[in-house]
Amino acid sequence: MSDHNQTVLPLPPNAPRVRPNALVRWIGRSMLRLGGWRMVGEFPDLPKLVLIGAPHSSNWDGIWGLAAKLALGLDIKILGKDSLFKVPVMGFVLRQLGVIPVDRSAAHGVVAQSAAMILRADKFWYGLAPEGTRKPVERWKTGFWKIAKAAEVPVLPAYFHYGHKVIGIGPVFELGDDMGADMARIREWFRGVSKGKFHDA
């Protein structure tokens, strides 16, 4: 990681951005400052990637993640059940926040739908939690790897460290053909973070 250590990290040129809105960014930055949060690490200058956040241990992850998204002006997409979008107002709000509807019952599955969206776009950062639940888990779900592999994009790890009020961005992981080996490498990096190695990881 770089030695960046500030409330909001700079976004590189190729990162996808939402339409500029100074008020929205101010709200996001104010939320982070009032909460005592800061960011460490460095965003890669890539137009497409899969960003994974772990551990997913609190409902507050979504609040602080949204604050960071607003503060950065980052256009990152996350999954939402398509049923949530059937209520017009809810659907509008979710789309404004970067949530995209996915039909989990579709024959071609979430992986294929997600990979297709990334492949079609010029710029697309896709975020998800590999644990799939807030409960501690021994095994991660493999969907993020399958999506990144199918879309031929790297994986970017991110984390919330509540003890130090740190939102961290890790190094880019290029994927190989061995899913188990890739998952082990990424999980090992997160284990280092959990032991407080985020300043120089």
# chains A, B, ... in the order shown; residues from 1 in each chain; ligands from 1

call {"tool": "select_by_dssp", "arguments": {"residues": "stretch 88-129 of chain A", "states": "alpha helix (DSSP H)", "output": "list of chain:residue names"}}
result
A:Pro88, A:Val89, A:Met90, A:Gly91, A:Phe92, A:Val93, A:Leu94, A:Arg95, A:Gln96, A:Gly109, A:Val110, A:Val111, A:Ala112, A:Gln113, A:Ser114, A:Ala115, A:Ala116, A:Met117, A:Ile118, A:Leu119, A:Arg120

call {"tool": "atom_distance", "arguments": {"atom1": "atom CA of A:Val24", "atom2": "atom CA of A:Val93"}}
result
14.3 Å

call {"tool": "closest_residue", "arguments": {"among": "A:His164, A:Tyr126, A:Gln113, A:Asp177", "to": "A:Gly35", "atoms": "only C-alpha atoms"}}
result
A:His164

call {"tool": "decode", "arguments": {"residues": "stretch 24-67 of chain A", "atoms": "N, CA and C atoms", "output": "short mmCIF file (atom, residue, chain, number, x, y, z; two decimals), in the first residue's frame"}}
result
data_model
loop_
_atom_site.label_atom_id
_atom_site.label_comp_id
_atom_site.auth_asym_id
_atom_site.auth_seq_id
_atom_site.Cartn_x
_atom_site.Cartn_y
_atom_site.Cartn_z
N VAL A 24 -23.25 16.49 -2.60
CA VAL A 24 -23.25 15.07 -2.26
C VAL A 24 -21.88 14.65 -1.73
N ARG A 25 -20.83 15.12 -2.37
CA ARG A 25 -19.48 14.77 -1.90
C ARG A 25 -19.22 15.36 -0.52
N TRP A 26 -19.69 16.57 -0.29
CA TRP A 26 -19.52 17.20 1.02
C TRP A 26 -20.25 16.40 2.10
N ILE A 27 -21.45 15.92 1.78
CA ILE A 27 -22.21 15.11 2.74
C ILE A 27 -21.43 13.83 3.08
N GLY A 28 -20.91 13.16 2.06
CA GLY A 28 -20.15 11.94 2.30
C GLY A 28 -18.91 12.18 3.15
N ARG A 29 -18.17 13.23 2.81
CA ARG A 29 -16.96 13.55 3.58
C ARG A 29 -17.30 13.94 5.01
N SER A 30 -18.39 14.68 5.18
CA SER A 30 -18.81 15.09 6.53
C SER A 30 -19.18 13.88 7.37
N MET A 31 -19.88 12.92 6.76
CA MET A 31 -20.24 11.69 7.48
C MET A 31 -18.99 10.96 7.96
N LEU A 32 -18.00 10.84 7.09
CA LEU A 32 -16.77 10.15 7.47
C LEU A 32 -16.02 10.90 8.57
N ARG A 33 -15.92 12.23 8.43
CA ARG A 33 -15.21 13.01 9.44
C ARG A 33 -15.91 12.94 10.79
N LEU A 34 -17.22 13.07 10.79
CA LEU A 34 -17.98 13.02 12.04
C LEU A 34 -17.88 11.64 12.69
N GLY A 35 -17.78 10.61 11.86
CA GLY A 35 -17.65 9.26 12.39
C GLY A 35 -16.23 8.92 12.81
N GLY A 36 -15.28 9.80 12.47
CA GLY A 36 -13.89 9.56 12.84
C GLY A 36 -13.14 8.63 11.91
N TRP A 37 -13.69 8.43 10.70
CA TRP A 37 -13.09 7.48 9.77
C TRP A 37 -12.06 8.16 8.87
N ARG A 38 -11.09 7.38 8.44
CA ARG A 38 -10.11 7.82 7.47
C ARG A 38 -9.83 6.67 6.50
N MET A 39 -9.23 6.98 5.38
CA MET A 39 -8.92 5.96 4.38
C MET A 39 -7.42 5.78 4.25
N VAL A 40 -7.02 4.54 4.00
CA VAL A 40 -5.61 4.24 3.73
C VAL A 40 -5.54 3.40 2.47
N GLY A 41 -4.39 3.45 1.82
CA GLY A 41 -4.19 2.67 0.62
C GLY A 41 -4.19 3.53 -0.62
N GLU A 42 -4.48 2.91 -1.74
CA GLU A 42 -4.44 3.62 -3.02
C GLU A 42 -5.33 2.89 -4.02
N PHE A 43 -6.16 3.63 -4.71
CA PHE A 43 -7.00 3.04 -5.75
C PHE A 43 -6.18 2.80 -7.01
N PRO A 44 -6.38 1.66 -7.66
CA PRO A 44 -5.67 1.40 -8.92
C PRO A 44 -6.29 2.18 -10.06
N ASP A 45 -5.49 2.51 -11.04
CA ASP A 45 -5.97 3.27 -12.19
C ASP A 45 -6.50 2.29 -13.25
N LEU A 46 -7.63 1.67 -12.93
CA LEU A 46 -8.21 0.65 -13.80
C LEU A 46 -9.69 0.97 -14.07
N PRO A 47 -10.15 0.76 -15.29
CA PRO A 47 -11.56 1.05 -15.60
C PRO A 47 -12.52 -0.04 -15.14
N LYS A 48 -12.02 -1.28 -14.98
CA LYS A 48 -12.89 -2.39 -14.59
C LYS A 48 -12.23 -3.25 -13.53
N LEU A 49 -13.01 -3.66 -12.54
CA LEU A 49 -12.51 -4.57 -11.52
C LEU A 49 -13.67 -5.05 -10.66
N VAL A 50 -13.40 -6.07 -9.86
CA VAL A 50 -14.34 -6.53 -8.84
C VAL A 50 -13.75 -6.18 -7.49
N LEU A 51 -14.48 -5.37 -6.72
CA LEU A 51 -14.02 -4.96 -5.39
C LEU A 51 -14.74 -5.81 -4.35
N ILE A 52 -13.98 -6.42 -3.45
CA ILE A 52 -14.58 -7.23 -2.39
C ILE A 52 -14.29 -6.60 -1.04
N GLY A 53 -15.31 -6.57 -0.19
CA GLY A 53 -15.17 -6.02 1.15
C GLY A 53 -15.32 -7.11 2.19
N ALA A 54 -14.36 -7.21 3.11
CA ALA A 54 -14.41 -8.22 4.18
C ALA A 54 -13.63 -7.69 5.39
N PRO A 55 -13.91 -8.16 6.60
CA PRO A 55 -15.08 -8.99 6.90
C PRO A 55 -16.35 -8.15 6.91
N HIS A 56 -17.46 -8.76 6.50
CA HIS A 56 -18.76 -8.08 6.53
C HIS A 56 -19.39 -8.40 7.88
N SER A 57 -19.11 -7.57 8.88
CA SER A 57 -19.45 -7.91 10.25
C SER A 57 -20.54 -7.03 10.86
N SER A 58 -20.97 -6.00 10.14
CA SER A 58 -21.92 -5.06 10.74
C SER A 58 -22.81 -4.43 9.68
N ASN A 59 -24.05 -4.13 10.07
CA ASN A 59 -24.93 -3.37 9.17
C ASN A 59 -24.35 -2.00 8.88
N TRP A 60 -23.50 -1.51 9.77
CA TRP A 60 -22.87 -0.20 9.57
C TRP A 60 -21.92 -0.20 8.37
N ASP A 61 -21.48 -1.39 7.92
CA ASP A 61 -20.62 -1.44 6.74
C ASP A 61 -21.27 -0.70 5.58
N GLY A 62 -22.57 -0.92 5.41
CA GLY A 62 -23.28 -0.27 4.31
C GLY A 62 -23.33 1.23 4.46
N ILE A 63 -23.50 1.70 5.69
CA ILE A 63 -23.57 3.15 5.94
C ILE A 63 -22.23 3.81 5.63
N TRP A 64 -21.15 3.25 6.19
CA TRP A 64 -19.84 3.86 5.98
C TRP A 64 -19.37 3.66 4.54
N GLY A 65 -19.75 2.53 3.94
CA GLY A 65 -19.42 2.31 2.54
C GLY A 65 -20.12 3.32 1.64
N LEU A 66 -21.39 3.61 1.95
CA LEU A 66 -22.12 4.61 1.18
C LEU A 66 -21.50 5.99 1.37
N ALA A 67 -21.11 6.31 2.60
CA ALA A 67 -20.48 7.61 2.87
C ALA A 67 -19.20 7.75 2.04
#
